[in-house]
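Have a look at data.txt below; it lists compact mmCIF, C-alpha atoms and all ligand atoms.
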# COMPACT_ATOMS: atom_id res chain seq x y z
CA MET L 1 10.67 -18.49 25.85
CA GLY L 2 9.93 -18.76 29.54
CA SER L 3 11.90 -18.14 32.68
CA ILE L 4 12.51 -20.01 35.92
CA ARG L 5 12.05 -18.38 39.33
CA LEU L 6 15.08 -19.10 41.52
CA GLY L 7 13.81 -17.44 44.67
CA ARG L 8 13.20 -14.15 46.39
CA VAL L 9 15.81 -11.76 47.83
CA PHE L 10 14.92 -8.54 49.67
CA GLY L 11 11.36 -8.96 48.37
CA ILE L 12 12.53 -9.12 44.74
CA ASP L 13 11.82 -12.13 42.52
CA LEU L 14 15.02 -13.58 41.09
CA LYS L 15 14.40 -15.19 37.70
CA VAL L 16 16.61 -16.80 35.11
CA HIS L 17 15.67 -16.85 31.43
CA ALA L 18 15.54 -20.23 29.68
CA THR L 19 18.24 -19.11 27.20
CA PHE L 20 20.65 -18.95 30.17
CA VAL L 21 21.34 -22.62 29.37
CA LEU L 22 23.25 -21.29 26.35
CA ALA L 23 25.62 -19.36 28.63
CA LEU L 24 26.26 -22.52 30.69
CA ALA L 25 26.91 -24.54 27.53
CA PHE L 26 29.22 -21.82 26.21
CA GLY L 27 31.17 -21.81 29.51
CA ALA L 28 31.54 -25.60 29.44
CA TRP L 29 32.57 -25.56 25.76
CA GLN L 30 35.32 -22.99 26.37
CA TRP L 31 37.03 -25.38 28.82
CA LYS L 32 36.39 -28.55 26.79
CA ALA L 33 40.17 -29.00 26.21
CA PHE L 34 40.41 -30.21 29.83
CA GLY L 35 37.79 -32.92 29.44
CA ALA L 36 34.71 -33.42 31.61
CA SER L 37 36.23 -31.75 34.67
CA GLY L 38 37.15 -28.75 32.47
CA ALA L 39 33.57 -28.50 31.21
CA ALA L 40 32.25 -28.65 34.79
CA PHE L 41 34.75 -25.93 35.75
CA GLY L 42 33.58 -23.75 32.84
CA ALA L 43 29.92 -24.15 33.76
CA GLY L 44 30.69 -23.48 37.43
CA LEU L 45 32.59 -20.34 36.45
CA VAL L 46 29.53 -19.09 34.56
CA VAL L 47 27.34 -19.70 37.64
CA LEU L 48 29.76 -17.76 39.89
CA LEU L 49 30.01 -14.97 37.32
CA PHE L 50 26.25 -14.65 37.25
CA ALA L 51 26.19 -14.60 41.04
CA CYS L 52 28.33 -11.44 40.69
CA VAL L 53 25.82 -10.13 38.14
CA VAL L 54 23.01 -10.76 40.66
CA LEU L 55 24.95 -8.78 43.30
CA HIS L 56 25.42 -5.99 40.72
CA GLU L 57 21.66 -5.89 40.08
CA LEU L 58 20.97 -6.00 43.82
CA GLY L 59 23.21 -2.92 44.11
CA HIS L 60 20.89 -1.04 41.71
CA SER L 61 17.78 -2.51 43.34
CA LEU L 62 18.58 -1.73 46.96
CA VAL L 63 19.46 1.89 46.20
CA ALA L 64 16.25 2.17 44.14
CA LYS L 65 14.23 0.74 47.02
CA ALA L 66 15.87 3.20 49.41
CA PHE L 67 14.39 5.95 47.18
CA GLY L 68 10.96 4.31 47.38
CA ILE L 69 11.08 2.79 43.88
CA PRO L 70 9.60 -0.73 43.88
CA VAL L 71 11.68 -3.41 42.13
CA ARG L 72 9.57 -6.22 40.73
CA GLU L 73 12.18 -8.72 39.63
CA ILE L 74 15.77 -9.36 38.61
CA MET L 75 15.97 -11.30 35.34
CA LEU L 76 19.15 -13.08 34.30
CA LEU L 77 19.78 -13.30 30.55
CA PRO L 78 22.83 -14.77 28.80
CA ILE L 79 24.10 -11.21 28.15
CA GLY L 80 23.62 -10.06 31.75
CA GLY L 81 21.04 -9.13 34.33
CA MET L 82 18.17 -6.68 34.41
CA ALA L 83 16.40 -5.22 37.43
CA GLN L 84 12.80 -4.32 36.60
CA MET L 85 11.80 -1.13 38.36
CA THR L 86 8.16 -0.14 38.26
CA ARG L 87 8.80 3.57 38.59
CA LYS L 88 11.37 5.98 37.25
CA PRO L 89 13.75 7.88 39.55
CA LYS L 90 12.32 11.26 40.56
CA THR L 91 15.54 13.29 40.30
CA PRO L 92 18.81 13.10 38.30
CA THR L 93 20.67 12.49 41.57
CA GLN L 94 18.53 9.42 42.26
CA GLU L 95 19.11 8.09 38.72
CA LEU L 96 22.86 8.72 39.08
CA LEU L 97 23.14 6.89 42.42
CA ILE L 98 20.98 3.94 41.28
CA ALA L 99 23.04 3.56 38.07
CA ILE L 100 26.41 3.79 39.77
CA ALA L 101 25.52 1.34 42.56
CA GLY L 102 25.76 -1.70 40.23
CA PRO L 103 29.32 -1.18 38.94
CA ALA L 104 30.33 -0.07 42.47
CA VAL L 105 29.39 -3.55 43.74
CA ASN L 106 31.72 -5.16 41.15
CA VAL L 107 34.53 -2.78 42.12
CA GLY L 108 33.95 -3.85 45.73
CA ILE L 109 34.02 -7.57 44.83
CA ALA L 110 37.19 -7.13 42.73
CA LEU L 111 38.95 -5.27 45.57
CA GLY L 112 37.83 -7.97 48.02
CA LEU L 113 39.14 -10.73 45.74
CA MET L 114 42.45 -8.86 45.33
CA GLY L 115 42.72 -8.66 49.11
CA VAL L 116 42.05 -12.40 49.39
CA GLY L 117 44.61 -13.09 46.61
CA TYR L 118 47.23 -10.99 48.37
CA GLY L 119 46.77 -12.88 51.63
CA TRP L 120 46.68 -16.24 49.89
CA LEU L 121 49.22 -16.03 47.04
CA GLY L 122 51.27 -12.97 47.94
CA ARG L 123 52.20 -10.29 45.45
CA GLU L 124 54.41 -12.54 43.27
CA GLY L 125 51.94 -15.41 43.36
CA MET L 126 49.22 -13.06 42.13
CA VAL L 127 51.36 -11.86 39.19
CA GLU L 128 52.24 -15.48 38.39
CA ALA L 129 48.57 -16.55 38.41
CA VAL L 130 47.59 -13.68 36.10
CA SER L 131 50.47 -14.14 33.63
CA GLY L 132 50.04 -17.93 33.52
CA LEU L 133 46.34 -17.71 32.72
CA THR L 134 46.58 -18.57 29.00
CA ASN L 135 46.01 -22.33 28.65
CA ALA L 136 46.04 -22.69 32.45
CA PRO L 137 44.20 -25.82 33.66
CA PRO L 138 41.18 -25.51 35.99
CA SER L 139 42.42 -24.67 39.48
CA MET L 140 41.64 -22.38 42.41
CA GLU L 141 44.21 -19.89 41.11
CA THR L 142 42.57 -19.86 37.67
CA LEU L 143 39.16 -19.40 39.31
CA TRP L 144 40.49 -16.48 41.35
CA VAL L 145 42.01 -14.73 38.31
CA MET L 146 38.89 -15.25 36.19
CA LEU L 147 36.51 -13.94 38.85
CA THR L 148 38.66 -10.92 39.71
CA ALA L 149 39.16 -10.00 36.05
CA SER L 150 35.45 -10.53 35.29
CA ASN L 151 34.41 -8.14 38.05
CA VAL L 152 36.83 -5.47 36.81
CA MET L 153 35.42 -6.04 33.29
CA LEU L 154 31.82 -5.86 34.54
CA ALA L 155 32.50 -2.52 36.23
CA VAL L 156 34.38 -1.02 33.27
CA PHE L 157 32.08 -2.37 30.56
CA ASN L 158 28.88 -1.25 32.29
CA MET L 159 30.28 2.26 32.66
CA ILE L 160 30.54 2.70 28.86
CA PRO L 161 28.33 5.80 28.39
CA ALA L 162 25.81 4.04 26.15
CA LEU L 163 22.17 4.16 27.26
CA PRO L 164 20.57 1.83 28.47
CA MET L 165 23.82 0.66 30.10
CA ASP L 166 24.72 2.07 33.51
CA GLY L 167 27.29 4.52 32.10
CA GLY L 168 24.62 5.87 29.73
CA ARG L 169 22.28 6.43 32.67
CA VAL L 170 25.03 8.26 34.52
CA LEU L 171 25.62 10.41 31.42
CA ARG L 172 21.91 11.20 31.12
CA ALA L 173 21.61 12.00 34.83
CA VAL L 174 24.57 14.40 34.70
CA LEU L 175 23.25 16.07 31.50
CA SER L 176 19.75 16.28 33.07
CA MET L 177 21.10 18.45 35.85
CA GLY L 178 21.95 21.13 33.28
CA ILE L 179 19.51 20.79 30.36
CA GLY L 180 16.53 18.82 31.63
CA HIS L 181 15.55 15.18 31.28
CA THR L 182 14.07 15.26 27.77
CA LYS L 183 17.05 16.90 26.02
CA ALA L 184 19.47 14.83 28.11
CA THR L 185 17.74 11.62 27.00
CA SER L 186 17.88 12.48 23.31
CA ILE L 187 21.59 13.37 23.53
CA ALA L 188 22.42 10.25 25.58
CA ALA L 189 20.43 8.08 23.14
CA MET L 190 22.33 9.59 20.19
CA VAL L 191 25.70 8.94 21.88
CA ALA L 192 24.55 5.36 22.57
CA ARG L 193 23.56 4.72 18.92
CA VAL L 194 26.95 5.98 17.71
CA LEU L 195 28.78 3.79 20.25
CA ALA L 196 26.59 0.80 19.33
CA VAL L 197 27.45 1.16 15.65
CA GLY L 198 31.14 1.40 16.59
CA MET L 199 30.84 -1.72 18.76
CA MET L 200 29.08 -3.53 15.92
CA VAL L 201 31.81 -2.69 13.40
CA PHE L 202 34.48 -3.81 15.88
CA ALA L 203 32.51 -7.01 16.64
CA VAL L 204 32.25 -7.89 12.94
CA PHE L 205 35.96 -7.32 12.25
CA SER L 206 37.17 -9.09 15.41
CA GLY L 207 34.58 -11.88 15.12
CA GLN L 208 33.26 -11.31 18.66
CA LEU L 209 29.70 -12.60 18.59
CA MET L 210 28.87 -11.56 22.17
CA LEU L 211 29.93 -7.96 21.54
CA GLY L 212 27.71 -7.90 18.44
CA VAL L 213 24.72 -9.05 20.49
CA ILE L 214 25.42 -6.36 23.10
CA ALA L 215 25.77 -3.72 20.35
CA LEU L 216 22.29 -4.63 19.08
CA PHE L 217 20.94 -4.57 22.64
CA VAL L 218 22.39 -1.08 23.16
CA PHE L 219 21.15 0.24 19.79
CA PHE L 220 17.55 -0.90 20.26
CA GLY L 221 17.65 -0.15 23.99
CA ALA L 222 18.66 3.46 23.24
CA ASN L 223 15.78 3.75 20.76
CA ALA L 224 13.37 2.39 23.38
CA GLU L 225 14.63 4.90 25.97
CA ALA L 226 14.14 7.79 23.53
CA ARG L 227 10.63 6.57 22.63
CA GLU L 228 9.75 6.11 26.29
CA GLU L 229 10.85 9.68 27.03
CA ARG L 230 8.75 11.06 24.16
CA LEU L 231 5.74 9.06 25.38
CA SER L 232 6.00 10.04 29.03
CA GLY L 233 6.65 13.66 27.98
CA ALA L 234 3.45 13.55 25.96
CA LEU L 235 1.41 12.07 28.82
CA ASP L 236 2.75 14.12 31.74
CA ASP L 237 0.30 16.71 33.08
CA VAL L 238 -2.53 15.35 30.88
CA PRO L 239 -5.40 14.50 33.28
CA VAL L 240 -6.98 11.08 32.79
CA ALA L 241 -10.39 12.72 32.41
CA TYR L 242 -9.13 14.32 29.20
CA ALA L 243 -8.52 10.95 27.55
CA LEU L 244 -11.57 8.99 28.73
CA ASN L 245 -13.92 7.83 25.98
CA PRO L 246 -17.47 9.00 26.84
CA HIS L 247 -18.89 6.62 24.22
CA ALA L 248 -17.20 3.51 25.60
CA VAL L 249 -19.61 0.59 25.81
CA THR L 250 -20.01 -0.96 29.26
CA LEU L 251 -21.43 -4.38 30.07
CA SER L 252 -23.26 -5.86 33.05
CA PRO L 253 -22.53 -9.08 34.93
CA GLY L 254 -25.75 -10.56 33.55
CA THR L 255 -24.85 -9.95 29.88
CA THR L 256 -24.62 -13.27 28.02
CA MET L 257 -21.51 -14.25 26.09
CA ALA L 258 -23.48 -14.10 22.83
CA ASP L 259 -24.54 -10.49 23.46
CA ALA L 260 -21.06 -9.51 24.65
CA ILE L 261 -19.41 -10.98 21.54
CA ALA L 262 -21.92 -9.14 19.31
CA LEU L 263 -20.96 -5.86 21.06
CA LEU L 264 -17.26 -6.65 20.77
CA VAL L 265 -17.53 -6.96 16.99
CA ARG L 266 -19.01 -3.46 16.69
CA ASN L 267 -16.79 -1.71 19.28
CA PRO L 268 -13.01 -1.69 18.86
CA GLN L 269 -12.33 -1.10 22.59
CA PRO L 270 -9.43 -3.15 23.98
CA ALA L 271 -11.36 -3.75 27.22
CA PHE L 272 -14.91 -3.45 28.55
CA ALA L 273 -15.90 -2.31 32.03
CA VAL L 274 -18.54 -4.44 33.76
CA LEU L 275 -20.89 -2.27 35.82
CA HIS L 276 -23.54 -3.00 38.40
CA GLY L 277 -25.46 0.26 38.42
CA GLU L 278 -22.74 2.94 38.68
CA ARG L 279 -20.34 0.63 40.48
CA LEU L 280 -17.48 -1.12 38.70
CA VAL L 281 -17.52 -4.87 39.46
CA GLY L 282 -14.96 -6.08 36.90
CA VAL L 283 -13.27 -5.66 33.52
CA VAL L 284 -13.02 -8.02 30.58
CA THR L 285 -10.49 -7.68 27.74
CA ARG L 286 -11.32 -8.60 24.13
CA ARG L 287 -9.11 -11.65 24.34
CA GLY L 288 -10.45 -12.68 27.74
CA LEU L 289 -13.98 -12.38 26.40
CA VAL L 290 -13.31 -14.46 23.28
CA GLU L 291 -11.55 -17.17 25.32
CA ALA L 292 -14.34 -17.31 27.92
CA ALA L 293 -17.00 -17.42 25.20
CA GLN L 294 -15.22 -20.33 23.51
CA ALA L 295 -14.87 -22.19 26.80
CA ASN L 296 -18.31 -21.52 28.31
CA GLY L 297 -20.63 -21.16 25.30
CA PRO L 298 -23.09 -18.45 24.21
CA PHE L 299 -25.46 -18.64 27.21
CA ALA L 300 -22.90 -18.21 30.00
CA TYR L 301 -22.96 -14.93 31.90
CA LEU L 302 -20.20 -12.36 31.70
CA ALA L 303 -19.72 -12.49 35.49
CA SER L 304 -17.85 -15.76 34.95
CA ALA L 305 -15.33 -14.17 32.55
CA MET L 306 -14.46 -10.82 34.14
CA GLN L 307 -11.40 -9.84 36.15
CA ARG L 308 -12.64 -8.64 39.53
CA GLU L 309 -9.35 -7.12 40.72
CA VAL L 310 -9.10 -3.85 38.80
CA PRO L 311 -6.27 -1.37 39.42
CA SER L 312 -7.58 2.19 39.66
CA VAL L 313 -6.57 5.84 39.82
CA GLY L 314 -8.48 8.91 40.98
CA PRO L 315 -10.04 11.50 38.63
CA ASP L 316 -7.17 13.95 39.22
CA ALA L 317 -4.42 11.52 38.20
CA SER L 318 -2.34 12.22 35.09
CA LEU L 319 -1.98 9.78 32.20
CA THR L 320 1.62 9.17 33.30
CA GLU L 321 0.34 8.08 36.71
CA ALA L 322 -2.25 5.84 35.03
CA ARG L 323 0.49 4.28 32.94
CA LEU L 324 2.73 3.69 35.94
CA GLN L 325 -0.19 2.08 37.76
CA MET L 326 -0.74 -0.21 34.73
CA ASN L 327 2.96 -1.16 34.71
CA ALA L 328 3.08 -1.73 38.45
CA SER L 329 0.06 -4.05 38.42
CA GLU L 330 0.97 -5.63 35.04
CA SER L 331 -2.52 -4.79 33.82
CA PRO L 332 -3.48 -3.69 30.29
CA TYR L 333 -6.02 -1.22 31.77
CA VAL L 334 -6.66 0.98 34.76
CA ALA L 335 -10.08 2.20 35.94
CA VAL L 336 -10.71 5.84 36.78
CA LEU L 337 -12.84 6.04 39.91
CA ASP L 338 -14.22 9.03 41.79
CA GLU L 339 -14.67 7.45 45.22
CA ASP L 340 -16.96 4.55 44.25
CA ARG L 341 -18.28 6.09 41.05
CA TYR L 342 -16.93 4.64 37.81
CA LEU L 343 -15.74 7.25 35.27
CA GLY L 344 -14.00 5.18 32.60
CA LEU L 345 -11.11 2.96 31.58
CA ILE L 346 -7.62 3.95 30.45
CA THR L 347 -5.93 1.37 28.18
CA GLU L 348 -2.91 1.33 25.86
CA HIS L 349 -5.31 2.64 23.20
CA GLU L 350 -6.03 5.89 25.10
CA LEU L 351 -2.33 6.35 25.90
CA ALA L 352 -1.28 5.82 22.28
CA GLN L 353 -3.96 8.21 20.98
CA GLN L 354 -2.93 10.92 23.43
CA ALA L 355 0.76 10.44 22.59
CA ALA L 356 -0.04 10.65 18.88
CA VAL L 357 -1.94 13.95 19.11
CA SER L 358 0.03 15.69 21.84
CA ASN L 359 2.20 17.63 19.41
CA VAL L 360 -0.35 18.25 16.66
CA PHE L 361 -0.86 21.94 17.55
CA ALA L 362 2.63 22.62 18.86
CA ARG L 363 3.50 25.09 16.09
CA PHE L 364 0.35 27.17 16.74
CA SER L 365 1.33 28.02 20.30
CA PRO L 366 4.95 29.18 20.15
CA ARG L 367 4.95 30.24 23.78
CA ARG L 368 4.17 26.73 24.92
CA GLY L 369 6.60 25.13 22.51
CA GLY L 370 6.09 21.40 22.15
CA ASP L 371 3.76 21.31 25.11
CA LYS L 372 0.36 19.64 25.23
CA PHE L 373 -2.92 21.35 24.32
CA ALA L 374 -3.94 24.31 26.37
CA ARG L 375 -6.63 22.94 28.66
CA GLU L 376 -9.12 24.09 31.32
ZN ZN E 1 23.98 -2.29 35.96
If you took the structure in this file and wrote it as structure tokens, what would it be?
Ligand code: ZN
Amino acid sequence: MGSIRLGRVFGIDLKVHATFVLALAFGAWQWKAFGASGAAFGAGLVVLLFACVVLHELGHSLVAKAFGIPVREIMLLPIGGMAQMTRKPKTPTQELLIAIAGPAVNVGIALGLMGVGYGWLGREGMVEAVSGLTNAPPSMETLWVMLTASNVMLAVFNMIPALPMDGGRVLRAVLSMGIGHTKATSIAAMVARVLAVGMMVFAVFSGQLMLGVIALFVFFGANAEAREERLSGALDDVPVAYALNPHAVTLSPGTTMADAIALLVRNPQPAFAVLHGERLVGVVTRRGLVEAAQANGPFAYLASAMQREVPSVGPDASLTEARLQMNASESPYVAVLDEDRYLGLITEHELAQQAAVSNVFARFSPRRGGDKFARE
């Protein structure tokens, strides 16, 4: 399902996922006892709540940007927000500060709302509003209690030490300071899986659907974090030159679609570089090639089908850097260039192969432990 772009704040795209409609409907439904105005109140409450979620994500994003980490977008889902960072924090301290900035924003909002409530309702009025919340009709007091309580909840809930939630990132960052990032990630991921199972059991017995969804999100998110750590550990320090395929087939802009398709059948490469002499002029993926061939027929030239903007890295880059470049430019490949000279393409295929073999010989070199091959 798609998403809608709401706008741009601090150079970050703000998007809302189509399923967000479900959250609005759920909010309206919860206040249906008060008729149409109740439903409107419920939906409005959801919008304000998600405005707080956006501020939470902006807290993460602005601290990340201060550390030079680009933030591509903030996506709003029915279960919360997600800030997409294109690079990982360089140090545990950076990860700690980025993670803690989100909940800190909600603490700030809650304190601000409490200050407003004190000035507006007084101490007794505040207690009255909170204690009278059950079955309270839509009103400014109800809105105030709901928003204040939600921000306290957002701060507390996000600090549960379950990766990939903020508290889990804090836990990993603190552990990293003592035992290194890889071990810290596997411990934090294990803690998260245990907590997720606990949440799931509680959700089933208490009938809380939302908590069940979040438990699944945490469980699979923790698995993804652990996998990501294994992958980047396997690719770190491996130079791109080591993974380039010297037998990769290249094409030229004047190749016809018919010839290109014939080559595609015999070569399982995910993408083909298009060269003019030694110079890279474009890249075409398997899918791009098939689609262009269907649209333009067998006699069209490849030049019409290739992507001319190709992200690139230098010959001394590591596979991790190549992967980050692919993520940052949302490209399934990155070219390796020595000045203007084309050396090869790195795709998901090369990354997966390298990750798969990186530990093959680990037990034969006890000194290097689970490190990559000895090279040079
Ligand atoms: Zn957060």
Taking a cut-off of 6 Å and counting only C-alpha atoms and all ligand atoms, can you build a table that, for each residue of chain L near ligand ZN 1 (chain E), reports the nearest atom pair and how far apart they are in Å (one decimal), sorted by chain then residue number, as JSON lines?
{"residue": "L:Glu57", "atom": "CA", "partner": "E:ZN1", "partner_atom": "ZN", "distance": 5.9}
{"residue": "L:Gly102", "atom": "CA", "partner": "E:ZN1", "partner_atom": "ZN", "distance": 4.7}
{"residue": "L:Asp166", "atom": "CA", "partner": "E:ZN1", "partner_atom": "ZN", "distance": 5.1}
Residues within 9 Å of L:Arg72, only C-alpha atoms, excluding chain neighbours under 6 positions, as a PyMOL selection string: chain L and resi 11-13+83-86+328
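Coordinates place atom CA of L:Val145 at a distance of 6.1 Å from atom CA of L:Val130.
Of the listed residues (L:Asp340, L:Glu73, L:Glu330, L:Glu350), L:Asp340 comes nearest to L:Pro315; the distances count all atoms listed in the file.
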Answer as a ChimeraX atom specification, residues within 12 Å of (8.2, 12.3, 24.2) using all atoms listed in the file: /L:181-183,185-186,223-236,320,352,354-359,370-372
Atom pair atom CA of L:Thr347 / atom CA of L:Thr91: separation (Å): 27.4 Å
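Atom CA of L:Met114 is found 20.2 Å from atom CA of L:Gly59.
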All residues 8 Å or closer to stretch 205-221 of chain L, all atoms listed in the file, same chain fewer than 6 positions away omitted, as an NGL selection string: :L and (79 or 162-165 or 192-193 or 196-197 or 199)
Using all atoms listed in the file: which of L:Arg8, L:His276, L:Arg323, L:Arg169 has the shortest distance to L:Arg341: L:His276
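Proximity ranking of L:Asn267, L:Val334, L:Ser329, L:Leu154 relative to L:Gly282 places L:Val334 first, based on all atoms listed in the file.
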